[in-house]
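Visitor: Pasting query.csv here (CSV, C-alpha atoms):
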```
chain,number,residue,atom,x,y,z
A,27,MET,CA,113.3,98.9,140.0
A,28,ARG,CA,112.6,97.7,136.4
A,29,SER,CA,113.3,100.2,133.7
A,30,GLN,CA,110.4,101.0,131.4
A,31,LEU,CA,110.8,100.7,127.6
A,32,MET,CA,110.6,104.0,125.7
A,33,VAL,CA,108.9,103.6,122.3
A,34,GLN,CA,108.9,106.2,119.6
A,35,TYR,CA,105.9,105.7,117.3
A,36,LEU,CA,105.4,107.1,113.8
A,37,LEU,CA,102.1,106.8,111.8
A,38,ILE,CA,101.9,108.0,108.2
A,39,THR,CA,99.0,108.0,105.8
A,40,ALA,CA,99.6,108.5,102.1
A,41,ASN,CA,97.2,108.3,99.1
A,42,VAL,CA,99.6,106.9,96.4
A,43,GLY,CA,97.3,106.8,93.4
A,44,SER,CA,99.4,109.3,91.5
A,45,LEU,CA,102.6,107.3,91.9
A,46,PHE,CA,101.6,104.4,89.7
A,47,GLU,CA,102.2,105.3,86.0
A,48,PRO,CA,103.9,103.2,83.4
A,49,ASP,CA,107.0,105.4,83.6
A,50,ALA,CA,107.1,105.2,87.5
A,51,ARG,CA,108.6,108.7,87.4
A,52,LEU,CA,107.5,109.6,90.9
A,53,HIS,CA,108.8,106.5,92.7
A,54,ASN,CA,112.3,107.6,93.7
A,55,SER,CA,111.2,111.1,94.9
A,56,TRP,CA,108.3,109.6,96.9
A,57,VAL,CA,110.5,107.0,98.5
A,58,LYS,CA,113.1,109.5,99.4
A,59,THR,CA,110.6,112.0,100.8
A,60,VAL,CA,109.0,109.3,103.1
A,61,ALA,CA,112.4,107.8,104.1
A,62,ASP,CA,113.8,111.2,105.0
A,63,GLN,CA,110.8,111.9,107.2
A,64,VAL,CA,111.1,108.5,108.9
A,65,ASN,CA,114.8,108.8,109.5
A,66,GLY,CA,114.3,112.3,110.9
A,67,VAL,CA,111.9,111.0,113.5
A,68,ASP,CA,113.9,107.7,114.0
A,69,PRO,CA,110.9,105.7,115.4
A,70,SER,CA,111.0,102.2,116.9
A,71,PHE,CA,107.7,101.3,115.4
A,72,PHE,CA,106.5,102.8,112.1
A,73,VAL,CA,103.3,102.1,110.3
A,74,ILE,CA,102.4,103.6,106.9
A,75,HIS,CA,98.9,103.3,105.5
A,76,LEU,CA,98.5,103.5,101.7
A,77,GLN,CA,95.4,104.1,99.6
A,78,GLU,CA,94.9,103.6,95.8
A,79,THR,CA,97.9,101.3,95.5
A,80,GLY,CA,98.3,100.5,91.8
A,81,GLY,CA,96.7,103.9,90.8
A,82,LYS,CA,94.0,104.4,88.3
A,83,LYS,CA,95.8,102.1,85.8
A,84,PHE,CA,95.9,99.3,88.3
A,85,THR,CA,95.6,96.5,85.8
A,86,GLU,CA,98.8,97.7,84.3
A,87,CYS,CA,100.6,99.2,87.3
A,88,SER,CA,99.8,97.1,90.3
A,89,LYS,CA,102.9,95.1,89.5
A,90,GLN,CA,104.9,98.1,90.6
A,91,VAL,CA,103.6,97.9,94.2
A,92,PRO,CA,106.0,95.2,95.5
A,93,ILE,CA,108.8,97.1,93.8
A,94,ILE,CA,108.1,100.4,95.6
A,95,ILE,CA,107.8,98.5,98.9
A,96,ASN,CA,111.2,96.9,98.3
A,97,HIS,CA,112.7,100.4,97.5
A,98,LEU,CA,111.2,101.8,100.7
A,99,ALA,CA,112.5,98.9,102.8
A,100,ASN,CA,116.0,99.4,101.3
A,101,ALA,CA,115.8,103.1,102.2
A,102,LEU,CA,115.1,102.3,105.8
A,103,PRO,CA,118.0,100.0,106.9
A,104,LYS,CA,117.5,100.7,110.6
A,105,PHE,CA,114.4,98.5,110.6
A,106,ASP,CA,114.8,94.7,110.9
A,107,LEU,CA,111.2,93.6,110.6
A,108,LEU,CA,108.7,94.4,107.9
A,109,ARG,CA,105.1,93.3,107.7
A,110,ALA,CA,103.4,94.5,104.5
A,111,TYR,CA,99.8,93.8,103.6
A,112,VAL,CA,98.8,95.3,100.2
A,113,ASP,CA,95.6,94.6,98.4
A,114,ILE,CA,96.5,94.5,94.7
A,115,ASP,CA,94.3,91.6,93.6
A,116,TYR,CA,92.1,93.7,91.4
A,117,GLU,CA,90.1,90.7,90.1
A,118,ALA,CA,88.9,89.9,93.6
A,119,ILE,CA,85.3,91.1,94.5
A,120,GLU,CA,86.6,92.7,97.7
A,121,TYR,CA,89.5,94.6,96.0
A,122,THR,CA,90.2,97.8,98.0
A,123,ALA,CA,93.7,98.9,96.8
A,124,LEU,CA,94.6,99.5,100.5
A,125,GLY,CA,98.0,98.8,102.0
A,126,ALA,CA,99.4,98.6,105.6
A,127,LEU,CA,103.2,98.5,106.0
A,128,CYS,CA,104.7,98.1,109.5
A,129,PHE,CA,108.4,98.5,110.1
A,130,ILE,CA,109.9,97.5,113.5
A,131,LYS,CA,113.4,97.8,115.0
A,132,ARG,CA,115.0,94.7,116.4
A,133,SER,CA,115.3,96.4,119.8
A,134,LEU,CA,111.5,96.2,120.0
A,135,TRP,CA,111.1,92.7,118.6
A,136,SER,CA,110.6,90.9,121.9
A,137,SER,CA,108.1,93.5,123.1
A,138,VAL,CA,105.8,93.3,120.0
A,139,SER,CA,103.2,90.6,119.2
A,140,GLN,CA,100.6,90.5,116.4
A,141,PHE,CA,97.0,89.6,116.7
A,142,ASN,CA,95.7,86.6,114.9
A,143,PHE,CA,92.1,87.3,114.1
A,144,HIS,CA,91.4,83.6,113.4
A,145,THR,CA,92.7,82.2,116.7
A,146,LYS,CA,92.0,85.3,118.7
A,147,LYS,CA,95.5,85.2,120.1
A,148,TYR,CA,98.6,87.3,120.0
A,149,GLU,CA,101.7,85.8,118.4
A,150,GLN,CA,105.4,86.6,118.6
A,151,LEU,CA,107.1,87.7,115.4
A,152,THR,CA,109.4,85.0,114.1
A,153,THR,CA,110.4,86.0,110.6
A,154,PRO,CA,112.0,89.3,109.6
A,155,THR,CA,110.0,90.0,106.4
A,156,GLU,CA,106.5,89.2,105.3
A,157,VAL,CA,104.9,90.7,102.2
A,158,VAL,CA,101.3,89.6,101.3
A,159,THR,CA,99.5,90.9,98.2
A,160,GLU,CA,96.8,88.3,97.6
A,161,GLY,CA,94.3,86.4,99.6
A,162,LEU,CA,94.0,89.1,102.3
A,163,GLU,CA,90.3,88.4,102.7
A,164,ASN,CA,91.2,85.2,104.5
A,165,TYR,CA,94.6,86.1,105.9
A,166,PRO,CA,94.7,85.7,109.7
A,167,TYR,CA,96.5,88.9,110.6
A,168,VAL,CA,94.4,91.3,108.6
A,169,ILE,CA,90.7,92.3,108.4
A,170,LYS,CA,89.9,93.9,105.1
A,171,HIS,CA,86.5,94.9,103.7
A,172,LYS,CA,85.1,96.9,100.9
A,173,PHE,CA,82.1,99.0,101.9
A,174,PRO,CA,78.8,97.4,101.0
A,175,LYS,CA,77.4,98.3,97.6
A,176,ASP,CA,74.2,99.6,99.0
A,177,PHE,CA,76.0,102.3,100.8
A,178,TRP,CA,76.0,104.2,97.6
A,179,PRO,CA,74.0,102.4,94.9
A,180,SER,CA,73.9,105.3,92.5
A,181,ILE,CA,77.6,105.1,91.6
A,182,LYS,CA,79.9,102.4,90.4
A,183,TRP,CA,81.0,100.1,93.2
A,184,GLY,CA,84.5,101.3,93.7
A,185,ARG,CA,87.5,100.4,95.8
A,186,LYS,CA,86.6,102.3,99.0
A,187,GLY,CA,86.9,100.3,102.2
A,188,TYR,CA,89.0,99.6,105.3
A,189,MET,CA,91.9,97.4,106.5
A,190,GLN,CA,92.7,96.6,110.1
A,191,THR,CA,95.7,95.2,112.0
A,192,ARG,CA,96.1,94.8,115.7
A,193,TRP,CA,99.3,94.8,117.8
A,194,LYS,CA,100.4,94.5,121.3
A,195,ILE,CA,103.4,96.7,122.0
A,196,ALA,CA,104.9,96.8,125.5
A,197,ASN,CA,101.7,95.2,126.8
A,198,LYS,CA,99.5,97.9,125.2
A,199,VAL,CA,97.0,97.0,122.5
A,200,PHE,CA,96.7,99.1,119.3
A,201,ASP,CA,94.3,98.9,116.5
A,202,PHE,CA,95.5,100.5,113.3
A,203,VAL,CA,92.8,101.0,110.7
A,204,ASN,CA,93.4,102.2,107.2
A,205,ALA,CA,90.2,103.8,105.8
A,206,HIS,CA,89.4,105.2,102.4
A,207,LEU,CA,86.1,106.9,102.4
A,208,PHE,CA,83.9,108.2,99.6
A,209,HIS,CA,85.1,111.2,97.6
A,210,ASP,CA,83.0,114.1,96.2
A,211,GLU,CA,81.8,112.9,92.8
A,212,SER,CA,81.0,116.5,91.6
A,213,ASN,CA,81.9,120.0,92.8
A,214,LEU,CA,78.4,121.2,91.7
A,215,ALA,CA,76.3,118.9,93.8
A,216,PRO,CA,76.9,120.5,97.2
A,217,ILE,CA,76.0,123.8,95.8
A,218,HIS,CA,72.7,123.3,93.9
A,219,ASP,CA,71.8,119.8,95.3
A,220,ASN,CA,72.0,118.3,98.8
A,221,PRO,CA,74.9,120.1,100.5
A,222,THR,CA,75.6,117.1,102.7
A,223,LEU,CA,75.2,114.5,99.9
A,224,TYR,CA,78.8,113.3,100.1
A,225,SER,CA,79.6,113.9,103.8
A,226,GLU,CA,76.6,111.9,104.8
A,227,ASN,CA,77.9,108.9,102.9
A,228,ARG,CA,81.3,109.3,104.5
A,229,LYS,CA,79.8,109.4,107.9
A,230,ARG,CA,77.7,106.3,107.2
A,231,ALA,CA,80.9,104.5,106.0
A,232,LEU,CA,83.1,105.5,109.0
A,233,ASP,CA,80.2,104.8,111.5
A,234,PHE,CA,80.1,101.3,109.9
A,235,VAL,CA,83.8,100.8,110.5
A,236,LEU,CA,83.6,102.0,114.1
A,237,SER,CA,80.6,99.7,114.7
A,238,GLU,CA,82.4,96.7,113.3
A,239,LEU,CA,85.4,97.4,115.5
A,240,SER,CA,83.3,97.8,118.6
A,241,ALA,CA,81.6,94.5,117.9
A,242,MET,CA,84.9,92.6,118.0
A,243,GLU,CA,86.4,94.3,121.2
A,244,ASN,CA,85.0,91.5,123.5
A,245,GLY,CA,85.5,93.6,126.6
A,246,CYS,CA,88.9,94.9,125.4
A,247,THR,CA,89.0,98.5,124.2
A,248,PRO,CA,92.3,98.9,122.2
A,249,MET,CA,93.9,102.2,121.5
A,250,LEU,CA,92.3,102.9,118.1
A,251,PHE,CA,94.0,104.9,115.3
A,252,VAL,CA,92.1,105.4,112.1
A,253,PHE,CA,94.4,107.0,109.6
A,254,GLY,CA,93.8,107.2,105.9
A,255,ASP,CA,92.3,109.2,103.1
A,256,LEU,CA,89.0,110.1,104.9
A,257,ASN,CA,88.1,112.5,102.0
A,258,PHE,CA,86.8,115.1,104.5
A,259,ARG,CA,85.9,118.3,102.6
A,260,LEU,CA,85.2,121.8,103.6
A,261,ASP,CA,81.7,123.0,104.4
A,262,SER,CA,80.7,124.2,101.0
A,263,ARG,CA,78.4,127.0,102.0
A,264,SER,CA,80.6,128.7,104.6
A,265,PHE,CA,83.7,128.2,102.4
A,266,LEU,CA,82.1,129.6,99.3
A,267,ASN,CA,80.7,132.5,101.2
A,268,ARG,CA,84.2,133.3,102.4
A,269,LEU,CA,85.7,133.2,98.9
A,270,THR,CA,82.9,134.9,97.0
A,271,GLU,CA,81.9,137.9,99.2
A,272,SER,CA,80.6,140.7,97.1
A,273,THR,CA,79.9,138.5,94.1
A,274,ASN,CA,76.8,137.0,92.5
A,275,PRO,CA,76.4,133.5,91.2
A,276,HIS,CA,75.7,132.9,87.5
A,277,SER,CA,74.8,129.6,85.9
A,278,VAL,CA,76.5,128.7,82.7
A,279,GLU,CA,75.0,126.8,79.7
A,280,GLN,CA,71.5,126.2,81.1
A,281,GLU,CA,68.4,125.8,79.1
A,282,GLN,CA,66.2,128.8,78.3
A,283,MET,CA,63.3,127.5,80.4
A,284,GLY,CA,64.7,129.0,83.5
A,285,SER,CA,67.7,130.4,85.3
A,286,LEU,CA,69.8,128.9,88.1
A,287,ALA,CA,69.2,132.2,89.9
A,288,ASP,CA,65.9,130.5,90.9
A,289,GLY,CA,68.0,128.2,93.0
A,290,LEU,CA,71.1,130.3,93.7
A,291,GLN,CA,70.8,133.8,95.3
A,292,ALA,CA,73.3,136.0,97.0
A,293,GLN,CA,72.0,137.9,100.0
A,294,ASN,CA,74.2,140.3,101.8
A,295,GLY,CA,77.2,138.7,100.3
A,296,ASN,CA,76.2,135.2,101.4
A,297,LEU,CA,75.4,132.3,99.2
A,298,GLN,CA,71.8,131.1,99.6
A,299,VAL,CA,70.4,127.9,98.1
A,300,ALA,CA,66.7,127.7,97.3
A,301,ALA,CA,64.8,124.7,98.7
A,302,HIS,CA,63.6,123.4,95.3
A,303,PRO,CA,65.7,124.4,92.3
A,304,SER,CA,64.4,123.2,89.0
A,305,GLU,CA,65.0,119.5,88.4
A,306,ASN,CA,65.5,120.2,84.7
A,307,LEU,CA,68.0,122.9,85.4
A,308,ARG,CA,69.8,120.7,87.8
A,309,ARG,CA,70.7,118.4,85.0
A,310,THR,CA,71.7,121.0,82.4
A,311,VAL,CA,73.9,123.4,84.4
A,312,SER,CA,77.5,122.7,83.5
A,313,ALA,CA,79.2,125.5,85.5
A,314,ILE,CA,78.6,128.2,88.1
A,315,GLU,CA,80.6,131.4,88.0
A,316,PHE,CA,80.8,133.9,90.9
A,317,ARG,CA,81.3,137.3,89.4
A,318,ARG,CA,82.0,140.8,90.9
A,319,ASP,CA,79.4,143.4,90.1
A,320,SER,CA,80.5,145.3,87.0
A,321,ASP,CA,79.2,147.6,84.4
A,322,SER,CA,81.2,145.6,81.8
A,323,ASP,CA,80.0,142.5,80.0
A,324,ASP,CA,83.5,141.1,80.4
A,325,SER,CA,82.6,138.1,82.6
A,326,GLN,CA,86.1,136.6,82.3
A,327,ASN,CA,87.7,139.5,84.1
A,328,SER,CA,84.9,139.8,86.7
A,329,CYS,CA,84.9,136.1,87.5
A,330,VAL,CA,86.3,135.3,91.0
A,331,LEU,CA,85.5,131.6,91.0
A,332,ARG,CA,84.3,129.1,88.3
A,333,ILE,CA,83.1,125.7,89.5
A,334,GLU,CA,82.4,122.8,87.2
A,335,LYS,CA,81.9,119.1,88.0
A,336,LYS,CA,85.7,118.5,88.2
A,337,LYS,CA,87.0,122.1,88.2
A,338,PHE,CA,87.5,124.6,90.9
A,339,ASP,CA,89.1,127.7,89.3
A,340,TYR,CA,89.7,130.5,91.7
A,341,PHE,CA,91.1,133.8,90.3
A,342,ASN,CA,94.2,133.6,92.5
A,343,HIS,CA,95.2,130.0,93.3
A,344,LYS,CA,98.4,131.1,95.1
A,345,LYS,CA,96.4,133.3,97.4
A,346,LEU,CA,94.0,130.3,98.0
A,347,LEU,CA,96.9,128.2,99.2
A,348,ASP,CA,98.6,131.0,101.1
A,349,ASP,CA,95.4,131.9,103.0
A,350,TRP,CA,94.7,128.3,104.2
A,351,LYS,CA,94.5,129.4,107.9
A,352,SER,CA,91.6,131.7,107.0
A,353,TYR,CA,89.3,128.7,106.1
A,354,ARG,CA,90.4,126.2,108.7
A,355,ASP,CA,87.0,126.8,110.5
A,356,ASP,CA,85.2,125.4,107.4
A,357,ASP,CA,86.8,122.0,108.0
A,358,LYS,CA,84.0,120.5,110.1
A,359,GLU,CA,83.4,116.9,109.1
A,360,ALA,CA,85.5,115.4,111.8
A,361,GLU,CA,83.1,116.9,114.4
A,362,SER,CA,80.5,114.4,113.3
A,363,PHE,CA,82.3,111.6,115.0
A,364,LYS,CA,81.9,112.3,118.7
A,365,SER,CA,83.9,109.2,119.8
A,366,MET,CA,87.0,110.2,117.7
A,367,PHE,CA,89.6,112.8,118.4
A,368,GLU,CA,92.4,114.5,116.5
A,369,MET,CA,95.4,116.7,117.2
A,370,ASN,CA,95.2,120.3,116.1
A,371,ILE,CA,95.8,120.8,112.4
A,372,ASN,CA,98.5,123.3,111.8
A,373,PHE,CA,99.4,122.5,108.2
A,374,PRO,CA,98.0,123.4,104.7
A,375,PRO,CA,95.3,121.3,103.0
A,376,THR,CA,96.6,117.9,101.9
A,377,TYR,CA,94.7,117.9,98.6
A,378,PRO,CA,94.6,118.5,95.6
A,379,TRP,CA,98.3,119.2,94.9
A,380,SER,CA,99.9,119.3,91.5
A,381,GLU,CA,100.9,115.9,90.0
A,382,ASP,CA,103.6,117.6,87.9
A,383,PRO,CA,107.1,117.3,89.3
A,384,GLU,CA,108.1,120.6,87.6
A,385,ASN,CA,105.3,122.5,89.4
A,386,SER,CA,104.7,120.5,92.6
A,387,GLU,CA,104.2,123.3,95.0
A,388,THR,CA,100.8,124.5,93.7
A,389,LEU,CA,97.2,123.3,94.1
A,390,MET,CA,95.5,121.8,91.1
A,391,LYS,CA,92.3,123.6,89.8
A,392,THR,CA,90.2,120.4,90.1
A,393,ARG,CA,88.7,120.5,93.6
A,394,ALA,CA,88.4,122.9,96.5
A,395,PRO,CA,91.3,122.5,98.9
A,396,ALA,CA,90.7,120.1,101.8
A,397,TRP,CA,92.3,118.2,104.6
A,398,CYS,CA,91.4,114.7,103.2
A,399,ASP,CA,94.3,112.8,104.9
A,400,ARG,CA,93.8,112.5,108.7
A,401,VAL,CA,94.8,110.6,111.8
A,402,LEU,CA,91.8,110.1,114.2
A,403,MET,CA,91.9,108.4,117.6
A,404,ASN,CA,89.5,107.1,120.2
A,405,LYS,CA,89.6,108.6,123.7
A,406,ALA,CA,92.1,106.0,125.0
A,407,ALA,CA,94.5,106.6,122.2
A,408,PHE,CA,94.1,110.4,122.3
A,409,SER,CA,95.0,110.5,126.0
A,410,PHE,CA,98.0,108.2,125.3
A,411,VAL,CA,99.3,110.4,122.5
A,412,LYS,CA,98.8,113.7,124.3
A,413,ASP,CA,101.3,112.7,126.9
A,414,GLY,CA,103.9,111.7,124.3
A,415,GLU,CA,105.1,115.0,122.9
A,416,PRO,CA,103.0,114.5,119.7
A,417,ALA,CA,103.9,116.0,116.3
A,418,TYR,CA,101.1,116.1,113.7
A,419,LYS,CA,101.9,117.5,110.3
A,420,SER,CA,101.9,117.0,106.6
A,421,PHE,CA,105.2,116.8,104.6
A,422,GLY,CA,106.6,116.7,101.1
A,423,MET,CA,105.9,120.3,100.3
A,424,GLU,CA,109.1,120.7,98.3
A,425,THR,CA,108.6,117.7,96.1
A,426,CYS,CA,105.9,115.9,94.1
A,427,THR,CA,104.1,113.2,96.1
A,428,GLY,CA,101.1,113.1,93.8
A,429,ASP,CA,97.8,114.9,94.4
A,430,HIS,CA,97.9,114.1,98.1
A,431,LYS,CA,100.5,115.2,100.7
A,432,PRO,CA,101.3,112.5,103.3
A,433,VAL,CA,100.3,113.2,106.9
A,434,MET,CA,102.2,111.9,109.9
A,435,LEU,CA,101.7,111.6,113.7
A,436,ALA,CA,104.7,110.9,115.8
A,437,PHE,CA,104.8,110.5,119.6
A,438,ASN,CA,106.9,108.9,122.4
A,439,ILE,CA,105.7,106.7,125.2
```
Please go through the file and, once you have read it, give me the structure as structure tokens.
Guide:
Amino acid sequence: MRSQLMVQYLLITANVGSLFEPDARLHNSWVKTVADQVNGVDPSFFVIHLQETGGKKFTECSKQVPIIINHLANALPKFDLLRAYVDIDYEAIEYTALGALCFIKRSLWSSVSQFNFHTKKYEQLTTPTEVVTEGLENYPYVIKHKFPKDFWPSIKWGRKGYMQTRWKIANKVFDFVNAHLFHDESNLAPIHDNPTLYSENRKRALDFVLSELSAMENGCTPMLFVFGDLNFRLDSRSFLNRLTESTNPHSVEQEQMGSLADGLQAQNGNLQVAAHPSENLRRTVSAIEFRRDSDSDDSQNSCVLRIEKKKFDYFNHKKLLDDWKSYRDDDKEAESFKSMFEMNINFPPTYPWSEDPENSETLMKTRAPAWCDRVLMNKAAFSFVKDGEPAYKSFGMETCTGDHKPVMLAFNI
């Protein structure tokens, strides 16, 4: 009887935008954190998806990307093969700043082949290392696209998009897709504007990816894993109702022609948004404070939560982090994708963590906490993973990995 090959898989997604600064101060700790996790799992096949390679200062710091890839490879000596596809050609129209790194042990070499999207055939791996950072638009082993500009014409055409690789491992076909979806441009918009303004754009983008993948299946339905910075956010109304019970909303710095109370009302402790808040007010409100009822005019001491465009200042940020299980039910965006599945989340929000190495175990006061970094699967992949003793978690809580914590899914088959 022929013995079956046991394969240990490890998938990691990591938004690395915070790593790329001129001083490269987070490189060593990030590499060690990831390498320790990989070595602890000891997989045969390891894929890490990166978003925002090169960081915000990509014209200056993209040159650091091959360096950090080399450092990670040196920290993982058990792997004999490396395939690295990283989009750092920031002058290209289709620039996405996405990366996909695949590490394979020699014991698995003969059982792995890679799909050539040009010839539509699988090919055996013949060279130990391949690092590609330019020309990925036409590279045969990768599909990479930036989302069409008309998906969100009102904002600058950014780097959001997706990258796909396809593999055959022990005669099973896997699609690994790195997706970076649209973020929330302002904390205020979901409160006094369209509550689903950003989530609808994320859904449109991911539906586009799934449609593109479906069109190229040609009768073959691979096990699909979409893992990246999906930027999923909490349902703003239910989350704010939870945080601001027994408070009233107050607009800050609005014009005298009206009050945001016309559009924001607290009824029975729940936040209500009027159907048609003033257009003029909508442009002039710079902040919203949720204050406890008090006889005092001291708004600072009575303020439970202050929200600005890029500020989310809760009166007790440690409590906000410690109580993460109490708002897990407000994480609903993944439910919009009926064909995709996810393991149960039993870890704290992955964003927005402090970027300060001296204070790395706290959340920043920039955004509401959220599980942005995810691993989603189609039905075939989900059934496959469930039988493989899966472990789904975030890591790096004791060190600074930037404003996102990496998320991993490990399983045996």
Visitor: Show me, as a list of chain:residue names, the residues that have an atom within 7 Å of region 317-319 of chain A when counting all atoms listed in the file, minus same-chain residues fewer than 5 positions from it.
Guide: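 My list of contacting residues is A:Ser272, A:Thr273, A:Asn274, A:Pro275, A:Ser325, A:Ser328, A:Cys329, A:Val330.
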Visitor: So how many Å separate CA of Ala417 (chain A) and CA of Phe202 (chain A), to one decimal?
Guide: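 Here the two named atoms are 17.9 Å from each other.
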Visitor: Could you please determine the separation between CA of Asp176 (chain A) and CA of Asn227 (chain A) in Å, to one decimal place?
Guide: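 Going from CA of Asp176 (chain A) over to CA of Asn227 (chain A), I get 10.7 Å.
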Visitor: Would you please work out which residue, of A:Ile119, A:Leu435, A:Ala126, A:Leu260, is nearest to Lys358 (chain A) when using all atoms listed in the file?
Guide: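 Smallest separation from Lys358 (chain A) among the options: A:Leu260.
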Visitor: Gln90 (chain A): which residues within 12 Å, counting all atoms listed in the file, same-chain residues fewer than 5 positions away excluded, as a ChimeraX atom specification?
Guide: /A:42-43,45-53,79-81,83-85,95-97,112,114,159
Visitor: Kindly give the distance, in Å, that separates CA of His206 (chain A) and CA of Leu269 (chain A), rounded to a single decimal.
Guide: 28.5 Å
Visitor: Find the spatial neighbours of region 421-429 of chain A, counting all atoms listed in the file, within a cut-off of 9 Å - ignore same-chain residues fewer than 2 positions away - and output them as a PyMOL selection string.
Guide: chain A and resi 40-45+52-53+55-56+59-60+63+373+376-387+389-390+419+431-434
Visitor: Residues within 10 Å of Ile333 (chain A), please, as a VMD selection string. Count only C-alpha atoms; anything in the same chain fewer than 5 positions from it doesn't count.
Guide: chain A and resid 212 to 214 217 277 to 278 312 to 316 338 to 340 391 to 394
Visitor: Which is closest to Gln190 (chain A) among A:Glu238, A:Glu361, A:Glu226, A:Asp68, if we use all atoms listed in the file?
Guide: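 Once distances to Gln190 (chain A) are computed over all atoms listed in the file, the minimum belongs to A:Glu238.
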Visitor: Find, counting all atoms listed in the file, the residue in A:Met189, A:Pro248, A:Glu78, A:Phe129 that gets nearest to Ala61 (chain A).
Guide: A:Phe129
Visitor: Using only C-alpha atoms, pick whichever of A:Tyr116, A:Asn54, A:Lys364, A:Leu346 has the shortest atom-to-atom distance to Cys87 (chain A).
Guide: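 Closest candidate: A:Tyr116.
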Visitor: Return the single residue from A:Pro374, A:Leu250, A:Arg109, A:Arg259 that is closest to Asp201 (chain A), with distances computed using only C-alpha atoms.
Guide: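 Checking each of A:Pro374, A:Leu250, A:Arg109, A:Arg259 against Asp201 (chain A), counting only C-alpha atoms, the winner is A:Leu250.
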Visitor: Can you work out which one of A:Tyr111, A:Phe367, A:Tyr224, A:Tyr148 has the shortest atom-to-atom distance to Ser262 (chain A), counting only C-alpha atoms?
Guide: A:Tyr224
Visitor: Mind running region 69-92 of chain A against region 130-134 of chain A at 8 Å and telling me each contacting residue's nearest atom pair with the distance in Å (one decimal), counting all atoms listed in the file, chain and number ascending, as CSV?
Guide:
```
residue,atom,partner,partner_atom,distance
A:Ser70,CA,A:Lys131,CA,5.4
A:Phe71,CA,A:Ile130,CA,4.8
A:Phe72,CA,A:Ile130,CA,6.5
```
Visitor: Do you know which residues lie at most 7 Å from (81.8, 114.8, 99.2), with coordinates as in the file and only C-alpha atoms counted, and could you write them as an MDAnalysis selection string?
Guide: chainID A and resid 208:211 223:225 259
Visitor: Around the point (104.8, 85.6, 120.4), in the coordinates given by the file, pick out the residues reaching within 9 Å, counting all atoms listed in the file, and return them as a list in words.
Guide: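 Residues with an atom at most 9 Å from (104.8, 85.6, 120.4): Ser136, Ser137, Val138, Ser139, Gln140, Tyr148, Glu149, Gln150, Leu151 and Thr152 of chain A.
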Visitor: Could you complete region 193-204 of chain A so that it carries N, CA and C atoms, and give it back as a JSON list (two decimals), in the frame of the given file?
Guide:
```
[["chain", "number", "residue", "atom", "x", "y", "z"],
["A", 193, "TRP", "N", 97.95, 95.08, 117.20],
["A", 193, "TRP", "CA", 99.30, 94.80, 117.80],
["A", 193, "TRP", "C", 99.25, 94.98, 119.27],
["A", 194, "LYS", "N", 100.12, 94.22, 119.92],
["A", 194, "LYS", "CA", 100.40, 94.50, 121.30],
["A", 194, "LYS", "C", 101.85, 94.90, 121.44],
["A", 195, "ILE", "N", 102.04, 96.11, 121.93],
["A", 195, "ILE", "CA", 103.40, 96.70, 122.00],
["A", 195, "ILE", "C", 103.62, 97.10, 123.47],
["A", 196, "ALA", "N", 104.61, 96.49, 124.08],
["A", 196, "ALA", "CA", 104.90, 96.80, 125.50],
["A", 196, "ALA", "C", 103.64, 96.65, 126.35],
["A", 197, "ASN", "N", 102.88, 95.57, 126.08],
["A", 197, "ASN", "CA", 101.70, 95.20, 126.80],
["A", 197, "ASN", "C", 100.50, 96.20, 126.62],
["A", 198, "LYS", "N", 100.59, 97.04, 125.59],
["A", 198, "LYS", "CA", 99.50, 97.90, 125.20],
["A", 198, "LYS", "C", 98.92, 97.49, 123.87],
["A", 199, "VAL", "N", 97.59, 97.48, 123.74],
["A", 199, "VAL", "CA", 97.00, 97.00, 122.50],
["A", 199, "VAL", "C", 96.60, 98.16, 121.60],
["A", 200, "PHE", "N", 96.98, 98.04, 120.34],
["A", 200, "PHE", "CA", 96.70, 99.10, 119.30],
["A", 200, "PHE", "C", 95.97, 98.48, 118.16],
["A", 201, "ASP", "N", 94.92, 99.18, 117.74],
["A", 201, "ASP", "CA", 94.30, 98.90, 116.50],
["A", 201, "ASP", "C", 94.64, 99.98, 115.49],
["A", 202, "PHE", "N", 95.21, 99.58, 114.36],
["A", 202, "PHE", "CA", 95.50, 100.50, 113.30],
["A", 202, "PHE", "C", 94.61, 100.22, 112.12],
["A", 203, "VAL", "N", 93.80, 101.20, 111.75],
["A", 203, "VAL", "CA", 92.80, 101.00, 110.70],
["A", 203, "VAL", "C", 93.04, 101.99, 109.57],
["A", 204, "ASN", "N", 93.20, 101.44, 108.39],
["A", 204, "ASN", "CA", 93.40, 102.20, 107.20],
["A", 204, "ASN", "C", 92.01, 102.35, 106.51]]
```
